[in-house]
Each structure stands twice: as C-alpha cells, then as structure tokens.
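Enquirer: Here you go, one structure.
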Amino acid sequence: MTSNPENTTASDFLSYLHERVPSFVTAIVAELKKSEYDIDVTDLQADHVCYRTESMAQYTELVEALQSSEAGGSFTLLVESEIGGRPIATFKLLQPIEIGSGNCRHSIDVIEIPSPKEGNGTHKSPMNDEVHAAALEGWMRQYPISWNTKACQKKCNPDVSLKMELCDYGRVSVKFHLIPLEAVIEFETGVV
C-alpha cells in the first residue's frame with residue numbers, strides 16, 4: 001500500500017481508513033499465523049493503527065483537517081506532543097473501524113499520526129499496527145522468534161516488535177505492548 005497524500009480532508013481520510021484498515025489488520029493477523037511466526041492474536045485487541053505521513057506539510061495539513069469543523073466530530077484529538085524529536089498526534093474515532101468476523105474480531109478507534117522522522121525516506125506502507133499483550137516476557141517465551149526488544153526497557157509502556165513484509169503493504173511493523181495507547185495518554189496527561 002502506498003501513502004495517499006490526497007487524504008487532506010477529514011472525510012477523505014476517514015474513508016481511506018475505513019477502506020484500508022480492515023484489510024491491513026486482516027493481512028497482519030494472517031501473516032502472524034503463518035508458520036514463520038505462528039502467533040495467534042485471536043484473543044488480543046488491536047490497540048491502534050499508526051498512519052505515517054510523508055512530509056511535515058502533509059502531517060500539518062492532515063492534523064489541522066482532522067481538528068476542523070469540517071471533520072464533524074468524527075475525530076477527537078487525544079494529544080499532540082513531541083516524542084523522539086518530532087510531533088505525533090493521536091486521535092480517537094467517533095465510530096470505531098470494525099474488523100474481522102467470528103472469533104477473531106478487532107475494533108480500532110485510535111489513530112496515531114506521527115510526523116516523519118528527519119532523515120528517513122518515504123515509507124512504502126504508511127501504516128503500522130500495535131497490539132495490547134498482557135505480559136511481554138511470557139509473550140516472548142510463548143512465541144520464541146527474533147523479537148526487536150529495544151523498547152522493552154521503556155519506563156512507560158514497554159513493547160516488543162517485529163517487522164514483516166506484507167503483499168500490497170510492503171514492510172510493516174507490529175508492536176506488542178502492555179497498555180493501550182489511549183490509557184497511556186490518559187495517564188500522562190491526567191485527562192480521562
């Protein structure tokens with residue numbers, strides 16, 4: 001999946017999310033079940049989707065559009081703050097994006113939009129997925145693969161991650177962390 005810089009209105013971006021997020025998360029769930037990983041996320045909640053912008057101008061335009069009156073309350077800004085030297089905005093969707101069927105259902109209602117990291121090139125896939133897992137050490141023992149553990153020692157909401165190649169989406173990252181992003185934001189900002 002390639003980034004769509006045309007998503008500069010709130011309604012266009014919301015349509016884009018409803019069109020692309022279900023197939024994106026479904027592709028991740030299917031890839032995780034393959035024998036290389038053999039990870040079953042049926043009982044886990046997909047916490048949020050991260051939509052990466054290609055430029056600071058695109059980031060600014062998108063964040064402003066999602067906060068505008070034209071957005072019609074479809075998006076609520078939870079926080080915009082600087083993390084790792086760049087602004088990142090996190091929004092709550094008024095109506096969650098429902099994904100899956102049967103015993104593997106996910107509901108995404110938080111979208112994280114980071115501005116680009118300085119020096120990083122354009123990403124083929126504008127989205128990453130983050131999943132809430134109860135205990136990281138037990139999770140890594142249950143699924144003994146080559147986890148990226150560089151964020152495992154973070155004081156607030158440590159995570160482990162893996163990168164995978166998805167047909168139609170390119171190289172994506174999937175993170176497993178302890179606390180849902182919205183709860184972390186509530187804790188850090190004191191806003192409930």
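We name chains A, B, ... following the order of the structure tokens; residues begin at 1 in each chain, and ligands are numbered from 1 as shown.
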If we count only C-alpha atoms and set the cut-off at 12 Å, which residues sit around range 74-80 of chain A, ignoring sequence neighbours fewer than 4 positions away in its own chain? Please answer as a PyMOL selection string.
Expert: chain A and resi 9-15+59-60+62-70+86-97+109-115+181-192
Enquirer: Just asking: which residues within range 8-165 of chain A are alpha helix (DSSP H) according to DSSP, as a PyMOL selection string?
Expert: chain A and resi 10-33+56-67+136-142
Enquirer: Next, the residues of the selection above should be written as a compact mmCIF listing (two decimals), in the first residue's frame with N, CA and C atoms.
Expert:
```txt
# COMPACT_ATOMS: atom_id res chain seq x y z
N ALA A 10 -10.89 15.66 6.30
CA ALA A 10 -11.25 14.67 7.32
C ALA A 10 -12.10 13.56 6.72
N SER A 11 -13.05 13.91 5.86
CA SER A 11 -13.92 12.87 5.29
C SER A 11 -13.15 11.96 4.34
N ASP A 12 -12.19 12.51 3.57
CA ASP A 12 -11.36 11.66 2.71
C ASP A 12 -10.51 10.71 3.54
N PHE A 13 -9.92 11.22 4.63
CA PHE A 13 -9.07 10.40 5.47
C PHE A 13 -9.89 9.31 6.16
N LEU A 14 -11.07 9.66 6.64
CA LEU A 14 -11.93 8.68 7.29
C LEU A 14 -12.33 7.58 6.30
N SER A 15 -12.68 7.96 5.09
CA SER A 15 -13.00 6.98 4.05
C SER A 15 -11.81 6.08 3.77
N TYR A 16 -10.63 6.68 3.69
CA TYR A 16 -9.39 5.93 3.46
C TYR A 16 -9.18 4.91 4.57
N LEU A 17 -9.35 5.33 5.83
CA LEU A 17 -9.17 4.43 6.96
C LEU A 17 -10.17 3.28 6.91
N HIS A 18 -11.44 3.58 6.66
CA HIS A 18 -12.46 2.52 6.63
C HIS A 18 -12.24 1.57 5.45
N GLU A 19 -11.65 2.07 4.39
CA GLU A 19 -11.38 1.22 3.23
C GLU A 19 -10.14 0.36 3.43
N ARG A 20 -9.08 0.91 4.03
CA ARG A 20 -7.79 0.24 4.07
C ARG A 20 -7.46 -0.47 5.38
N VAL A 21 -7.90 0.04 6.52
CA VAL A 21 -7.52 -0.55 7.81
C VAL A 21 -8.01 -1.99 7.97
N PRO A 22 -9.26 -2.32 7.63
CA PRO A 22 -9.68 -3.72 7.80
C PRO A 22 -8.80 -4.72 7.04
N SER A 23 -8.49 -4.44 5.78
CA SER A 23 -7.66 -5.37 5.02
C SER A 23 -6.22 -5.38 5.54
N PHE A 24 -5.76 -4.24 6.02
CA PHE A 24 -4.41 -4.14 6.58
C PHE A 24 -4.28 -5.01 7.84
N VAL A 25 -5.20 -4.85 8.78
CA VAL A 25 -5.15 -5.62 10.03
C VAL A 25 -5.39 -7.10 9.74
N THR A 26 -6.30 -7.42 8.83
CA THR A 26 -6.55 -8.81 8.45
C THR A 26 -5.29 -9.45 7.86
N ALA A 27 -4.56 -8.69 7.03
CA ALA A 27 -3.31 -9.21 6.45
C ALA A 27 -2.27 -9.47 7.53
N ILE A 28 -2.19 -8.60 8.53
CA ILE A 28 -1.25 -8.80 9.64
C ILE A 28 -1.61 -10.05 10.43
N VAL A 29 -2.90 -10.19 10.78
CA VAL A 29 -3.35 -11.36 11.54
C VAL A 29 -3.01 -12.64 10.77
N ALA A 30 -3.26 -12.65 9.46
CA ALA A 30 -2.98 -13.84 8.64
C ALA A 30 -1.48 -14.12 8.59
N GLU A 31 -0.67 -13.09 8.44
CA GLU A 31 0.79 -13.29 8.37
C GLU A 31 1.34 -13.78 9.70
N LEU A 32 0.80 -13.26 10.79
CA LEU A 32 1.26 -13.71 12.11
C LEU A 32 0.95 -15.19 12.34
N LYS A 33 -0.12 -15.70 11.75
CA LYS A 33 -0.50 -17.10 11.93
C LYS A 33 0.36 -18.04 11.08
N MET A 56 6.36 16.91 6.54
CA MET A 56 5.86 17.74 7.63
C MET A 56 4.63 18.52 7.16
N ALA A 57 4.63 18.93 5.90
CA ALA A 57 3.48 19.66 5.35
C ALA A 57 2.24 18.76 5.34
N GLN A 58 2.39 17.50 4.94
CA GLN A 58 1.26 16.58 4.93
C GLN A 58 0.77 16.33 6.36
N TYR A 59 1.70 16.16 7.28
CA TYR A 59 1.33 15.96 8.69
C TYR A 59 0.49 17.14 9.19
N THR A 60 1.00 18.35 8.99
CA THR A 60 0.33 19.55 9.48
C THR A 60 -1.05 19.70 8.86
N GLU A 61 -1.14 19.51 7.55
CA GLU A 61 -2.42 19.64 6.84
C GLU A 61 -3.43 18.60 7.34
N LEU A 62 -2.98 17.36 7.53
CA LEU A 62 -3.88 16.31 7.98
C LEU A 62 -4.36 16.55 9.41
N VAL A 63 -3.46 16.88 10.30
CA VAL A 63 -3.83 17.13 11.70
C VAL A 63 -4.79 18.31 11.80
N GLU A 64 -4.53 19.37 11.04
CA GLU A 64 -5.45 20.53 11.04
C GLU A 64 -6.82 20.14 10.49
N ALA A 65 -6.84 19.34 9.43
CA ALA A 65 -8.13 18.92 8.83
C ALA A 65 -8.94 18.08 9.82
N LEU A 66 -8.27 17.20 10.56
CA LEU A 66 -9.00 16.33 11.49
C LEU A 66 -9.55 17.10 12.69
N GLN A 67 -8.98 18.29 12.96
CA GLN A 67 -9.46 19.12 14.06
C GLN A 67 -10.46 20.17 13.60
N LEU A 136 4.82 -9.14 28.44
CA LEU A 136 5.77 -9.26 27.34
C LEU A 136 6.72 -10.44 27.49
N GLU A 137 7.25 -10.68 28.68
CA GLU A 137 8.20 -11.78 28.85
C GLU A 137 7.53 -13.12 28.55
N GLY A 138 6.33 -13.32 29.06
CA GLY A 138 5.59 -14.55 28.78
C GLY A 138 5.26 -14.66 27.31
N TRP A 139 4.93 -13.52 26.70
CA TRP A 139 4.62 -13.47 25.27
C TRP A 139 5.82 -13.91 24.45
N MET A 140 7.00 -13.40 24.80
CA MET A 140 8.21 -13.75 24.05
C MET A 140 8.58 -15.22 24.25
N ARG A 141 8.34 -15.77 25.45
CA ARG A 141 8.60 -17.20 25.67
C ARG A 141 7.61 -18.06 24.89
N GLN A 142 6.36 -17.62 24.85
CA GLN A 142 5.34 -18.38 24.13
C GLN A 142 5.62 -18.39 22.62
```
Enquirer: Of the residues A:Cys50, A:Leu44, A:Ile108, A:Leu166, which is the one nearest to His132 in chain A, using only C-alpha atoms?
Expert: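 Of all the options, A:Leu44 lies closest to His132 in chain A.
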Enquirer: Near Ser107 in chain A, counting only C-alpha atoms, which residues have an atom at most 9 Å away, once you skip same-chain residues fewer than 3 positions from it, shown as a list in words?
Expert: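 My reading of the contact set: Gln45, Ala46, Asp47, His48, Pro96, Ile97, Glu98, Ile99 and Gly100 of chain A.
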Enquirer: Could you take the residues named above and write them with N, CA and C atoms, as an mmCIF file, in the first residue's frame?
Expert:
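New file selection.cif:
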```
data_model
loop_
_atom_site.group_PDB
_atom_site.id
_atom_site.type_symbol
_atom_site.label_atom_id
_atom_site.label_comp_id
_atom_site.auth_asym_id
_atom_site.auth_seq_id
_atom_site.Cartn_x
_atom_site.Cartn_y
_atom_site.Cartn_z
ATOM 1 N N GLN A 45 -6.437 -7.569 21.577
ATOM 2 C CA GLN A 45 -7.099 -6.423 20.958
ATOM 3 C C GLN A 45 -6.079 -5.609 20.182
ATOM 4 N N ALA A 46 -6.351 -5.384 18.893
ATOM 5 C CA ALA A 46 -5.538 -4.449 18.121
ATOM 6 C C ALA A 46 -5.803 -3.073 18.714
ATOM 7 N N ASP A 47 -4.775 -2.455 19.245
ATOM 8 C CA ASP A 47 -4.926 -1.234 20.024
ATOM 9 C C ASP A 47 -5.147 -0.007 19.155
ATOM 10 N N HIS A 48 -4.269 0.208 18.209
ATOM 11 C CA HIS A 48 -4.399 1.368 17.342
ATOM 12 C C HIS A 48 -3.598 1.142 16.066
ATOM 13 N N PRO A 96 -15.718 3.464 15.741
ATOM 14 C CA PRO A 96 -14.580 2.566 15.530
ATOM 15 C C PRO A 96 -14.642 1.864 14.174
ATOM 16 N N ILE A 97 -13.498 1.441 13.704
ATOM 17 C CA ILE A 97 -13.407 0.638 12.494
ATOM 18 C C ILE A 97 -13.476 -0.818 12.933
ATOM 19 N N GLU A 98 -14.505 -1.520 12.501
ATOM 20 C CA GLU A 98 -14.710 -2.915 12.887
ATOM 21 C C GLU A 98 -14.023 -3.825 11.876
ATOM 22 N N ILE A 99 -13.325 -4.829 12.383
ATOM 23 C CA ILE A 99 -12.525 -5.707 11.538
ATOM 24 C C ILE A 99 -12.782 -7.154 11.927
ATOM 25 N N GLY A 100 -12.871 -8.023 10.924
ATOM 26 C CA GLY A 100 -12.935 -9.453 11.170
ATOM 27 C C GLY A 100 -14.334 -9.976 11.363
#
```
Enquirer: Rounded to one decimal place, report the CA of His177 in chain A-CA of Glu130 in chain A distance in Å.
Expert: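 These atoms are spaced 7.4 Å apart.
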Enquirer: Could you jot down the CA of Ser55 in chain A to CA of Thr8 in chain A separation for me, Å, one decimal place?
Expert: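 If I compute the distance from CA of Ser55 in chain A to CA of Thr8 in chain A, I get 12.6 Å.
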Enquirer: Extract, using only C-alpha atoms, all DNA, RNA and protein residues at most 6 Å from range 150-162 of chain A, discarding same-chain residues fewer than 2 positions from it, and format them as a PyMOL selection string.
Expert: chain A and resi 147-148+173-179
Enquirer: For CA of Arg52 in chain A and CA of Asn128 in chain A, quote the distance in Å rounded to one decimal.
Expert: 8.2 Å
Enquirer: Name the residues of range 66-102 of chain A that fall into strand (DSSP E or B) according to DSSP on the backbone, using the chain letters and numbers of this document, as a list in words.
Expert: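 Matching residues for strand (DSSP E or B) in range 66-102 of chain A are Phe75, Thr76, Leu77, Leu78, Val79, Glu80, Ser81, Glu82, Ile83, Arg86, Pro87, Ile88, Ala89, Thr90, Phe91, Lys92, Leu93, Leu94, Gln95, Pro96, Ile97, Glu98, Ile99, Gly100 and Ser101 of chain A.
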